[in-house]
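File shown: target.cif (mmCIF, N, CA and C atoms).
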data_structure
loop_
_atom_site.group_PDB
_atom_site.id
_atom_site.type_symbol
_atom_site.label_atom_id
_atom_site.label_comp_id
_atom_site.auth_asym_id
_atom_site.auth_seq_id
_atom_site.Cartn_x
_atom_site.Cartn_y
_atom_site.Cartn_z
ATOM 1 N N MET A 46 113.304 125.643 72.383
ATOM 2 C CA MET A 46 112.779 124.604 73.255
ATOM 3 C C MET A 46 112.798 125.116 74.695
ATOM 4 N N PRO A 47 111.705 124.864 75.448
ATOM 5 C CA PRO A 47 111.665 125.312 76.842
ATOM 6 C C PRO A 47 112.686 124.558 77.683
ATOM 7 N N ASP A 48 113.156 125.226 78.704
ATOM 8 C CA ASP A 48 114.050 124.526 79.617
ATOM 9 C C ASP A 48 113.543 124.691 81.037
ATOM 10 N N GLY A 49 113.951 123.785 81.896
ATOM 11 C CA GLY A 49 113.541 123.864 83.295
ATOM 12 C C GLY A 49 112.457 122.875 83.637
ATOM 13 N N ASP A 50 111.204 123.265 83.460
ATOM 14 C CA ASP A 50 110.064 122.454 83.871
ATOM 15 C C ASP A 50 109.931 121.215 82.973
ATOM 16 N N PRO A 51 110.024 120.016 83.546
ATOM 17 C CA PRO A 51 109.919 118.797 82.738
ATOM 18 C C PRO A 51 108.603 118.695 81.974
ATOM 19 N N VAL A 52 107.516 119.190 82.543
ATOM 20 C CA VAL A 52 106.226 119.151 81.856
ATOM 21 C C VAL A 52 106.289 119.976 80.580
ATOM 22 N N ASP A 53 106.892 121.161 80.640
ATOM 23 C CA ASP A 53 107.025 122.007 79.452
ATOM 24 C C ASP A 53 107.872 121.333 78.387
ATOM 25 N N VAL A 54 108.959 120.719 78.803
ATOM 26 C CA VAL A 54 109.854 120.048 77.854
ATOM 27 C C VAL A 54 109.134 118.889 77.177
ATOM 28 N N LEU A 55 108.473 118.043 77.951
ATOM 29 C CA LEU A 55 107.765 116.898 77.378
ATOM 30 C C LEU A 55 106.629 117.334 76.465
ATOM 31 N N SER A 56 105.946 118.390 76.816
ATOM 32 C CA SER A 56 104.877 118.922 75.965
ATOM 33 C C SER A 56 105.439 119.446 74.656
ATOM 34 N N ALA A 57 106.565 120.140 74.720
ATOM 35 C CA ALA A 57 107.167 120.750 73.534
ATOM 36 C C ALA A 57 107.607 119.708 72.511
ATOM 37 N N VAL A 58 108.045 118.553 72.965
ATOM 38 C CA VAL A 58 108.505 117.527 72.029
ATOM 39 C C VAL A 58 107.409 116.507 71.712
ATOM 40 N N GLY A 59 106.194 116.782 72.142
ATOM 41 C CA GLY A 59 105.056 115.945 71.793
ATOM 42 C C GLY A 59 104.935 114.651 72.571
ATOM 43 N N LEU A 60 105.583 114.546 73.695
ATOM 44 C CA LEU A 60 105.502 113.327 74.496
ATOM 45 C C LEU A 60 104.480 113.409 75.619
ATOM 46 N N LEU A 61 103.807 114.530 75.717
ATOM 47 C CA LEU A 61 102.855 114.720 76.801
ATOM 48 C C LEU A 61 101.641 115.457 76.262
ATOM 49 N N ASP A 62 100.508 114.781 76.282
ATOM 50 C CA ASP A 62 99.284 115.396 75.782
ATOM 51 C C ASP A 62 98.583 116.225 76.839
ATOM 52 N N SER A 63 98.603 115.745 78.076
ATOM 53 C CA SER A 63 97.923 116.465 79.148
ATOM 54 C C SER A 63 98.550 116.095 80.487
ATOM 55 N N VAL A 64 98.237 116.905 81.474
ATOM 56 C CA VAL A 64 98.719 116.667 82.831
ATOM 57 C C VAL A 64 97.509 116.555 83.736
ATOM 58 N N GLU A 65 97.472 115.488 84.526
ATOM 59 C CA GLU A 65 96.382 115.308 85.481
ATOM 60 C C GLU A 65 96.919 115.604 86.871
ATOM 61 N N PRO A 66 96.345 116.586 87.551
ATOM 62 C CA PRO A 66 96.839 116.896 88.897
ATOM 63 C C PRO A 66 96.579 115.724 89.846
ATOM 64 N N VAL A 67 97.489 115.523 90.767
ATOM 65 C CA VAL A 67 97.343 114.454 91.752
ATOM 66 C C VAL A 67 96.670 115.042 92.986
ATOM 67 N N THR A 68 95.435 114.635 93.207
ATOM 68 C CA THR A 68 94.679 115.092 94.368
ATOM 69 C C THR A 68 95.047 114.233 95.577
ATOM 70 N N PRO A 69 94.747 114.693 96.776
ATOM 71 C CA PRO A 69 94.988 113.851 97.961
ATOM 72 C C PRO A 69 94.252 112.510 97.880
ATOM 73 N N GLU A 70 93.055 112.515 97.306
ATOM 74 C CA GLU A 70 92.283 111.281 97.177
ATOM 75 C C GLU A 70 92.959 110.308 96.219
ATOM 76 N N THR A 71 93.499 110.841 95.108
ATOM 77 C CA THR A 71 94.221 110.006 94.151
ATOM 78 C C THR A 71 95.477 109.436 94.789
ATOM 79 N N LYS A 72 96.164 110.261 95.545
ATOM 80 C CA LYS A 72 97.381 109.820 96.236
ATOM 81 C C LYS A 72 97.055 108.693 97.220
ATOM 82 N N LEU A 73 95.938 108.815 97.929
ATOM 83 C CA LEU A 73 95.513 107.785 98.877
ATOM 84 C C LEU A 73 95.204 106.479 98.145
ATOM 85 N N ALA A 74 94.424 106.560 97.078
ATOM 86 C CA ALA A 74 94.076 105.362 96.306
ATOM 87 C C ALA A 74 95.326 104.700 95.736
ATOM 88 N N ASP A 75 96.230 105.491 95.182
ATOM 89 C CA ASP A 75 97.476 104.949 94.626
ATOM 90 C C ASP A 75 98.326 104.293 95.710
ATOM 91 N N THR A 76 98.392 104.927 96.874
ATOM 92 C CA THR A 76 99.165 104.361 97.982
ATOM 93 C C THR A 76 98.613 103.004 98.386
ATOM 94 N N MET A 77 97.299 102.890 98.465
ATOM 95 C CA MET A 77 96.695 101.622 98.860
ATOM 96 C C MET A 77 96.945 100.553 97.803
ATOM 97 N N MET A 78 96.736 100.888 96.550
ATOM 98 C CA MET A 78 96.897 99.906 95.485
ATOM 99 C C MET A 78 98.352 99.460 95.348
ATOM 100 N N MET A 79 99.259 100.407 95.334
ATOM 101 C CA MET A 79 100.668 100.067 95.154
ATOM 102 C C MET A 79 101.257 99.420 96.414
ATOM 103 N N GLY A 80 100.877 99.928 97.581
ATOM 104 C CA GLY A 80 101.397 99.376 98.825
ATOM 105 C C GLY A 80 100.981 97.938 99.055
ATOM 106 N N MET A 81 99.764 97.604 98.667
ATOM 107 C CA MET A 81 99.282 96.234 98.835
ATOM 108 C C MET A 81 100.032 95.255 97.941
ATOM 109 N N ARG A 82 100.624 95.746 96.891
ATOM 110 C CA ARG A 82 101.389 94.874 95.995
ATOM 111 C C ARG A 82 102.723 94.454 96.607
ATOM 112 N N LEU A 83 103.176 95.191 97.604
ATOM 113 C CA LEU A 83 104.440 94.867 98.265
ATOM 114 C C LEU A 83 104.241 93.737 99.268
ATOM 115 N N ALA A 84 105.223 92.869 99.403
ATOM 116 C CA ALA A 84 105.131 91.773 100.376
ATOM 117 C C ALA A 84 104.942 92.312 101.790
ATOM 118 N N ARG A 85 105.565 93.451 102.105
ATOM 119 C CA ARG A 85 105.441 94.015 103.450
ATOM 120 C C ARG A 85 104.134 94.769 103.630
ATOM 121 N N GLY A 86 103.429 95.039 102.555
ATOM 122 C CA GLY A 86 102.154 95.731 102.626
ATOM 123 C C GLY A 86 102.304 97.209 102.927
ATOM 124 N N ILE A 87 101.364 97.737 103.681
ATOM 125 C CA ILE A 87 101.332 99.161 104.014
ATOM 126 C C ILE A 87 101.641 99.308 105.496
ATOM 127 N N ARG A 88 102.644 100.067 105.805
ATOM 128 C CA ARG A 88 103.079 100.285 107.181
ATOM 129 C C ARG A 88 102.239 101.373 107.833
ATOM 130 N N SER A 89 101.744 101.076 109.024
ATOM 131 C CA SER A 89 100.890 102.017 109.758
ATOM 132 C C SER A 89 101.570 103.355 109.999
ATOM 133 N N ASP A 90 102.833 103.323 110.416
ATOM 134 C CA ASP A 90 103.525 104.575 110.728
ATOM 135 C C ASP A 90 103.745 105.430 109.482
ATOM 136 N N GLU A 91 104.067 104.800 108.361
ATOM 137 C CA GLU A 91 104.265 105.544 107.119
ATOM 138 C C GLU A 91 102.948 106.147 106.622
ATOM 139 N N PHE A 92 101.871 105.377 106.755
ATOM 140 C CA PHE A 92 100.555 105.860 106.350
ATOM 141 C C PHE A 92 100.153 107.066 107.194
ATOM 142 N N GLN A 93 100.342 106.946 108.504
ATOM 143 C CA GLN A 93 100.015 108.038 109.431
ATOM 144 C C GLN A 93 100.799 109.298 109.079
ATOM 145 N N GLN A 94 102.073 109.136 108.826
ATOM 146 C CA GLN A 94 102.922 110.284 108.502
ATOM 147 C C GLN A 94 102.505 110.933 107.178
ATOM 148 N N ARG A 95 102.151 110.118 106.213
ATOM 149 C CA ARG A 95 101.818 110.638 104.886
ATOM 150 C C ARG A 95 100.451 111.319 104.839
ATOM 151 N N PHE A 96 99.463 110.729 105.539
ATOM 152 C CA PHE A 96 98.091 111.213 105.402
ATOM 153 C C PHE A 96 97.515 111.870 106.648
ATOM 154 N N GLY A 97 98.197 111.791 107.772
ATOM 155 C CA GLY A 97 97.722 112.449 108.974
ATOM 156 C C GLY A 97 96.598 111.733 109.687
ATOM 157 N N LEU A 98 96.357 110.487 109.348
ATOM 158 C CA LEU A 98 95.396 109.664 110.069
ATOM 159 C C LEU A 98 95.835 108.212 109.969
ATOM 160 N N GLY A 99 95.329 107.395 110.872
ATOM 161 C CA GLY A 99 95.731 105.999 110.910
ATOM 162 C C GLY A 99 94.985 105.152 109.897
ATOM 163 N N LEU A 100 95.550 103.993 109.599
ATOM 164 C CA LEU A 100 94.888 103.052 108.691
ATOM 165 C C LEU A 100 93.498 102.687 109.200
ATOM 166 N N GLY A 101 93.394 102.453 110.509
ATOM 167 C CA GLY A 101 92.103 102.106 111.093
ATOM 168 C C GLY A 101 91.083 103.219 110.981
ATOM 169 N N GLU A 102 91.542 104.454 111.136
ATOM 170 C CA GLU A 102 90.642 105.603 110.985
ATOM 171 C C GLU A 102 90.126 105.699 109.550
ATOM 172 N N ALA A 103 90.999 105.433 108.607
ATOM 173 C CA ALA A 103 90.639 105.574 107.200
ATOM 174 C C ALA A 103 89.832 104.388 106.685
ATOM 175 N N PHE A 104 90.230 103.184 107.078
ATOM 176 C CA PHE A 104 89.658 101.984 106.466
ATOM 177 C C PHE A 104 89.276 100.906 107.474
ATOM 178 N N GLY A 105 88.979 101.288 108.715
ATOM 179 C CA GLY A 105 88.749 100.312 109.776
ATOM 180 C C GLY A 105 87.796 99.191 109.438
ATOM 181 N N SER A 106 86.583 99.508 108.998
ATOM 182 C CA SER A 106 85.597 98.455 108.738
ATOM 183 C C SER A 106 85.992 97.593 107.544
ATOM 184 N N LEU A 107 86.604 98.192 106.541
ATOM 185 C CA LEU A 107 87.043 97.420 105.377
ATOM 186 C C LEU A 107 88.198 96.489 105.756
ATOM 187 N N ILE A 108 89.116 96.975 106.570
ATOM 188 C CA ILE A 108 90.218 96.124 107.032
ATOM 189 C C ILE A 108 89.660 94.946 107.821
ATOM 190 N N GLU A 109 88.725 95.211 108.732
ATOM 191 C CA GLU A 109 88.111 94.131 109.516
ATOM 192 C C GLU A 109 87.437 93.110 108.608
ATOM 193 N N GLU A 110 86.712 93.603 107.613
ATOM 194 C CA GLU A 110 86.030 92.702 106.674
ATOM 195 C C GLU A 110 87.041 91.833 105.920
ATOM 196 N N MET A 111 88.097 92.450 105.410
ATOM 197 C CA MET A 111 89.100 91.716 104.628
ATOM 198 C C MET A 111 89.883 90.727 105.496
ATOM 199 N N VAL A 112 90.138 91.083 106.760
ATOM 200 C CA VAL A 112 90.785 90.151 107.693
ATOM 201 C C VAL A 112 89.838 88.980 107.963
ATOM 202 N N GLY A 113 88.555 89.286 108.163
ATOM 203 C CA GLY A 113 87.559 88.242 108.401
ATOM 204 C C GLY A 113 87.427 87.275 107.237
ATOM 205 N N LEU A 114 87.624 87.775 106.030
ATOM 206 C CA LEU A 114 87.579 86.925 104.833
ATOM 207 C C LEU A 114 88.928 86.249 104.566
ATOM 208 N N GLU A 115 89.881 86.492 105.458
ATOM 209 C CA GLU A 115 91.236 85.949 105.361
ATOM 210 C C GLU A 115 91.960 86.392 104.091
ATOM 211 N N LEU A 116 91.674 87.618 103.662
ATOM 212 C CA LEU A 116 92.350 88.193 102.502
ATOM 213 C C LEU A 116 93.464 89.142 102.909
ATOM 214 N N LEU A 117 93.391 89.643 104.149
ATOM 215 C CA LEU A 117 94.407 90.548 104.690
ATOM 216 C C LEU A 117 94.922 90.027 106.016
ATOM 217 N N VAL A 118 96.152 90.410 106.312
ATOM 218 C CA VAL A 118 96.740 90.212 107.635
ATOM 219 C C VAL A 118 96.947 91.603 108.210
ATOM 220 N N SER A 119 96.481 91.812 109.421
ATOM 221 C CA SER A 119 96.635 93.096 110.097
ATOM 222 C C SER A 119 97.376 92.853 111.403
ATOM 223 N N ASP A 120 98.451 93.613 111.618
ATOM 224 C CA ASP A 120 99.190 93.514 112.871
ATOM 225 C C ASP A 120 99.642 94.906 113.288
ATOM 226 N N LYS A 121 100.466 94.978 114.325
ATOM 227 C CA LYS A 121 100.889 96.288 114.843
ATOM 228 C C LYS A 121 101.670 97.098 113.810
ATOM 229 N N ASP A 122 102.279 96.417 112.844
ATOM 230 C CA ASP A 122 103.080 97.113 111.835
ATOM 231 C C ASP A 122 102.253 97.676 110.686
ATOM 232 N N GLY A 123 101.121 97.052 110.381
ATOM 233 C CA GLY A 123 100.305 97.526 109.266
ATOM 234 C C GLY A 123 99.425 96.427 108.708
ATOM 235 N N ILE A 124 99.154 96.508 107.411
ATOM 236 C CA ILE A 124 98.327 95.509 106.739
ATOM 237 C C ILE A 124 99.057 95.012 105.496
ATOM 238 N N ARG A 125 98.753 93.763 105.140
ATOM 239 C CA ARG A 125 99.320 93.178 103.930
ATOM 240 C C ARG A 125 98.379 92.075 103.453
ATOM 241 N N LEU A 126 98.511 91.713 102.206
ATOM 242 C CA LEU A 126 97.714 90.619 101.681
ATOM 243 C C LEU A 126 98.132 89.312 102.339
ATOM 244 N N SER A 127 97.156 88.479 102.641
ATOM 245 C CA SER A 127 97.444 87.128 103.120
ATOM 246 C C SER A 127 97.817 86.279 101.903
ATOM 247 N N ASP A 128 98.212 85.043 102.144
ATOM 248 C CA ASP A 128 98.509 84.164 101.012
ATOM 249 C C ASP A 128 97.282 84.026 100.114
ATOM 250 N N GLY A 129 96.121 83.832 100.726
ATOM 251 C CA GLY A 129 94.884 83.747 99.948
ATOM 252 C C GLY A 129 94.532 85.061 99.278
ATOM 253 N N GLY A 130 94.845 86.162 99.952
ATOM 254 C CA GLY A 130 94.571 87.484 99.394
ATOM 255 C C GLY A 130 95.385 87.782 98.152
ATOM 256 N N ARG A 131 96.554 87.181 98.052
ATOM 257 C CA ARG A 131 97.374 87.388 96.849
ATOM 258 C C ARG A 131 96.673 86.853 95.609
ATOM 259 N N LEU A 132 95.904 85.781 95.790
ATOM 260 C CA LEU A 132 95.174 85.203 94.660
ATOM 261 C C LEU A 132 94.040 86.110 94.198
ATOM 262 N N LEU A 133 93.506 86.905 95.104
ATOM 263 C CA LEU A 133 92.391 87.804 94.794
ATOM 264 C C LEU A 133 92.803 89.261 94.963
ATOM 265 N N GLY A 134 94.072 89.529 94.762
ATOM 266 C CA GLY A 134 94.620 90.863 95.001
ATOM 267 C C GLY A 134 93.886 91.971 94.287
ATOM 268 N N ASN A 135 93.554 91.785 93.017
ATOM 269 C CA ASN A 135 92.895 92.857 92.268
ATOM 270 C C ASN A 135 91.555 93.237 92.885
ATOM 271 N N GLU A 136 90.824 92.248 93.383
ATOM 272 C CA GLU A 136 89.544 92.536 94.027
ATOM 273 C C GLU A 136 89.750 93.307 95.331
ATOM 274 N N VAL A 137 90.781 92.941 96.077
ATOM 275 C CA VAL A 137 91.088 93.653 97.324
ATOM 276 C C VAL A 137 91.496 95.088 97.004
ATOM 277 N N PHE A 138 92.371 95.267 96.004
ATOM 278 C CA PHE A 138 92.807 96.612 95.616
ATOM 279 C C PHE A 138 91.606 97.466 95.234
ATOM 280 N N GLU A 139 90.709 96.881 94.452
ATOM 281 C CA GLU A 139 89.531 97.621 93.989
ATOM 282 C C GLU A 139 88.688 98.115 95.159
ATOM 283 N N ARG A 140 88.512 97.280 96.170
ATOM 284 C CA ARG A 140 87.729 97.683 97.343
ATOM 285 C C ARG A 140 88.371 98.867 98.055
ATOM 286 N N PHE A 141 89.702 98.844 98.193
ATOM 287 C CA PHE A 141 90.389 99.946 98.863
ATOM 288 C C PHE A 141 90.387 101.210 98.005
ATOM 289 N N VAL A 142 90.542 101.067 96.709
ATOM 290 C CA VAL A 142 90.504 102.240 95.828
ATOM 291 C C VAL A 142 89.123 102.882 95.889
ATOM 292 N N THR A 143 88.073 102.073 95.843
ATOM 293 C CA THR A 143 86.708 102.596 95.937
ATOM 294 C C THR A 143 86.486 103.276 97.285
ATOM 295 N N ALA A 144 86.935 102.648 98.358
ATOM 296 C CA ALA A 144 86.765 103.214 99.699
ATOM 297 C C ALA A 144 87.571 104.495 99.882
ATOM 298 N N SER A 145 88.664 104.636 99.157
ATOM 299 C CA SER A 145 89.509 105.835 99.268
ATOM 300 C C SER A 145 88.739 107.111 98.958
ATOM 301 N N ALA A 146 87.776 107.021 98.066
ATOM 302 C CA ALA A 146 86.990 108.198 97.688
ATOM 303 C C ALA A 146 86.142 108.710 98.846
ATOM 304 N N GLU A 147 85.863 107.850 99.824
ATOM 305 C CA GLU A 147 85.009 108.217 100.959
ATOM 306 C C GLU A 147 85.793 108.684 102.187
ATOM 307 N N VAL A 148 87.109 108.526 102.157
ATOM 308 C CA VAL A 148 87.935 108.883 103.313
ATOM 309 C C VAL A 148 88.068 110.396 103.403
ATOM 310 N N GLU A 149 87.817 110.930 104.600
ATOM 311 C CA GLU A 149 88.004 112.364 104.831
ATOM 312 C C GLU A 149 89.401 112.587 105.377
ATOM 313 N N LEU A 150 90.248 113.150 104.539
ATOM 314 C CA LEU A 150 91.627 113.418 104.932
ATOM 315 C C LEU A 150 91.712 114.734 105.689
ATOM 316 N N PRO A 151 92.609 114.825 106.659
ATOM 317 C CA PRO A 151 92.798 116.096 107.368
ATOM 318 C C PRO A 151 93.134 117.209 106.374
ATOM 319 N N GLY A 152 92.516 118.345 106.559
ATOM 320 C CA GLY A 152 92.774 119.487 105.688
ATOM 321 C C GLY A 152 91.876 119.552 104.470
ATOM 322 N N ASP A 153 91.058 118.498 104.245
ATOM 323 C CA ASP A 153 90.125 118.533 103.103
ATOM 324 C C ASP A 153 88.881 119.307 103.448
#
Render the structure in this file as C-alpha coordinates.
Amino acid sequence: MPDGDPVDVLSAVGLLDSVEPVTPETKLADTMMMGMRLARGIRSDEFQQRFGLGLGEAFGSLIEEMVGLELLVSDKDGIRLSDGGRLLGNEVFERFVTASAEVELPGD
(Lines of atoms letter the chains of each structure in order from A and count residues from 1; the text may use other names and numbers.)
(Lines give C-alpha, C1' and ligand atoms only; values in the text may rest on other atoms or scores of the structure.)
Protein backbone atom coordinates (compact mmCIF):
# COMPACT_ATOMS: atom_id res chain seq x y z
CA MET A 1 0.00 0.00 0.00
CA PRO A 2 1.33 3.48 -0.86
CA ASP A 3 2.21 5.78 1.95
CA GLY A 4 2.53 9.53 2.16
CA ASP A 5 0.31 11.15 -0.46
CA PRO A 6 -3.36 10.96 0.62
CA VAL A 7 -4.48 10.84 -3.02
CA ASP A 8 -2.36 7.72 -3.62
CA VAL A 9 -3.69 6.05 -0.48
CA LEU A 10 -7.34 6.78 -1.31
CA SER A 11 -6.85 5.59 -4.88
CA ALA A 12 -5.19 2.37 -3.73
CA VAL A 13 -8.10 1.40 -1.49
CA GLY A 14 -10.70 2.29 -4.12
CA LEU A 15 -12.12 5.37 -2.42
CA LEU A 16 -11.04 7.80 -5.10
CA ASP A 17 -11.88 7.44 -8.77
CA SER A 18 -10.36 10.67 -10.02
CA VAL A 19 -8.84 13.95 -8.92
CA GLU A 20 -10.04 17.28 -10.26
CA PRO A 21 -7.46 20.05 -10.02
CA VAL A 22 -8.65 23.22 -8.32
CA THR A 23 -8.17 26.13 -10.71
CA PRO A 24 -8.13 29.76 -9.54
CA GLU A 25 -11.54 30.19 -11.18
CA THR A 26 -12.96 27.20 -9.28
CA LYS A 27 -11.50 28.55 -6.05
CA LEU A 28 -13.15 31.93 -6.72
CA ALA A 29 -16.55 30.36 -7.46
CA ASP A 30 -16.32 28.14 -4.37
CA THR A 31 -15.33 31.09 -2.20
CA MET A 32 -18.33 33.10 -3.37
CA MET A 33 -20.80 30.25 -2.95
CA MET A 34 -19.54 29.09 0.43
CA GLY A 35 -18.85 32.58 1.79
CA MET A 36 -22.36 33.77 1.00
CA ARG A 37 -23.74 30.94 3.10
CA LEU A 38 -22.10 32.44 6.19
CA ALA A 39 -24.04 35.02 8.21
CA ARG A 40 -21.02 37.35 8.04
CA GLY A 41 -20.77 36.87 4.28
CA ILE A 42 -17.54 37.56 2.43
CA ARG A 43 -15.04 39.93 4.00
CA SER A 44 -13.42 42.44 1.65
CA ASP A 45 -9.99 42.20 3.26
CA GLU A 46 -9.94 38.39 3.16
CA PHE A 47 -11.07 38.38 -0.47
CA GLN A 48 -8.38 40.91 -1.41
CA GLN A 49 -5.70 38.88 0.34
CA ARG A 50 -6.79 35.61 -1.24
CA PHE A 51 -7.32 36.76 -4.83
CA GLY A 52 -5.28 39.94 -5.20
CA LEU A 53 -8.21 42.13 -6.19
CA GLY A 54 -11.15 43.71 -4.44
CA LEU A 55 -14.73 42.47 -4.39
CA GLY A 56 -15.77 45.57 -6.33
CA GLU A 57 -13.12 44.97 -8.98
CA ALA A 58 -14.26 41.38 -9.42
CA PHE A 59 -18.02 41.73 -9.09
CA GLY A 60 -18.85 45.46 -8.92
CA SER A 61 -21.83 45.58 -11.27
CA LEU A 62 -23.29 42.33 -9.95
CA ILE A 63 -22.95 43.52 -6.35
CA GLU A 64 -24.69 46.79 -7.27
CA GLU A 65 -27.48 44.87 -9.00
CA MET A 66 -27.99 42.51 -6.05
CA VAL A 67 -27.95 45.42 -3.56
CA GLY A 68 -30.50 47.22 -5.75
CA LEU A 69 -32.73 44.14 -5.67
CA GLU A 70 -32.28 44.09 -1.88
CA LEU A 71 -30.74 40.61 -2.01
CA LEU A 72 -27.32 41.70 -0.72
CA VAL A 73 -26.01 44.07 1.91
CA SER A 74 -22.72 45.75 1.04
CA ASP A 75 -20.71 47.74 3.57
CA LYS A 76 -17.09 48.60 4.35
CA ASP A 77 -16.52 45.08 5.72
CA GLY A 78 -17.80 43.15 2.70
CA ILE A 79 -20.99 41.64 1.32
CA ARG A 80 -23.60 39.31 2.76
CA LEU A 81 -27.08 38.12 1.95
CA SER A 82 -29.88 40.35 3.15
CA ASP A 83 -32.83 38.82 4.98
CA GLY A 84 -34.68 38.68 1.66
CA GLY A 85 -31.58 37.35 -0.07
CA ARG A 86 -31.52 34.36 2.25
CA LEU A 87 -34.83 33.27 0.77
CA LEU A 88 -33.34 33.38 -2.74
CA GLY A 89 -29.81 32.39 -1.78
CA ASN A 90 -29.38 29.70 -4.43
CA GLU A 91 -30.22 32.16 -7.20
CA VAL A 92 -27.75 34.70 -5.79
CA PHE A 93 -25.04 32.02 -5.50
CA GLU A 94 -25.66 30.95 -9.08
CA ARG A 95 -25.20 34.50 -10.37
CA PHE A 96 -21.86 34.84 -8.57
CA VAL A 97 -20.65 31.40 -9.66
CA THR A 98 -21.51 32.24 -13.28
CA ALA A 99 -19.83 35.65 -13.01
CA SER A 100 -16.72 34.04 -11.49
CA ALA A 101 -15.86 32.53 -14.87
CA GLU A 102 -15.52 36.06 -16.32
CA VAL A 103 -13.29 37.50 -13.59
CA GLU A 104 -9.69 38.12 -14.62
CA LEU A 105 -7.55 37.19 -11.65
CA PRO A 106 -4.04 38.63 -11.27
CA GLY A 107 -1.49 36.25 -12.74
CA ASP A 108 -3.96 34.59 -15.14
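Here the residues that fall within 7 Å of (96.2, 84.0, 103.3), using all atoms listed in the file, are given as Glu115, Leu116, Leu117, Leu126, Ser127, Asp128, Gly129, Gly130 and Arg131 of chain A.
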Quick check on the file I pasted: which residues fall under the PyMOL selection byres ((chain A and resi 85-89) around 5)? Write them as a list in words.
Gly80, Met81, Leu83, Ala84, Asp90, Glu91, Phe92, Gln93, Asp122, Gly123, Ile124 and Arg125 of chain A
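In this comparison, which uses only C-alpha atoms, the residue of A:Gln94, A:Arg82, A:Val54, A:Ser119 approaching Leu132 in chain A most closely is A:Arg82.
The residues of chain A that DSSP assigns to strand (DSSP E) on this backbone come out as Ile87, Arg88, Leu117, Val118, Ser119, Asp120, Gly123, Ile124, Arg125 and Leu126 of chain A.
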Find the residues with any atom within 10 Å of (87.9, 107.3, 100.9); use only C-alpha atoms and the coordinates as given in the file, and write the answer as JSON, numbers by chain.
{"A": [70, 71, 73, 74, 103, 104, 141, 142, 143, 144, 145, 146, 147, 148, 149, 150]}
Taken to one decimal, the atom C of Asp120 in chain A-atom N of Val137 in chain A distance is 19.5 Å
So which bits of chain A end up alpha helix (DSSP H) when you DSSP the backbone, as a PyMOL selection string?
chain A and resi 51-57+69-82+89-96+100-113+128-132+134-145
Give me the box for range 115-130 of chain A as JSON, namely the centre and edge lengths in Å to one decimal of a box along x, y and z that holds every listed atom plus 3 Å on each side.
{"center_x": 96.5, "center_y": 90.7, "center_z": 106.5, "size_x": 19.2, "size_y": 19.9, "size_z": 22.7}
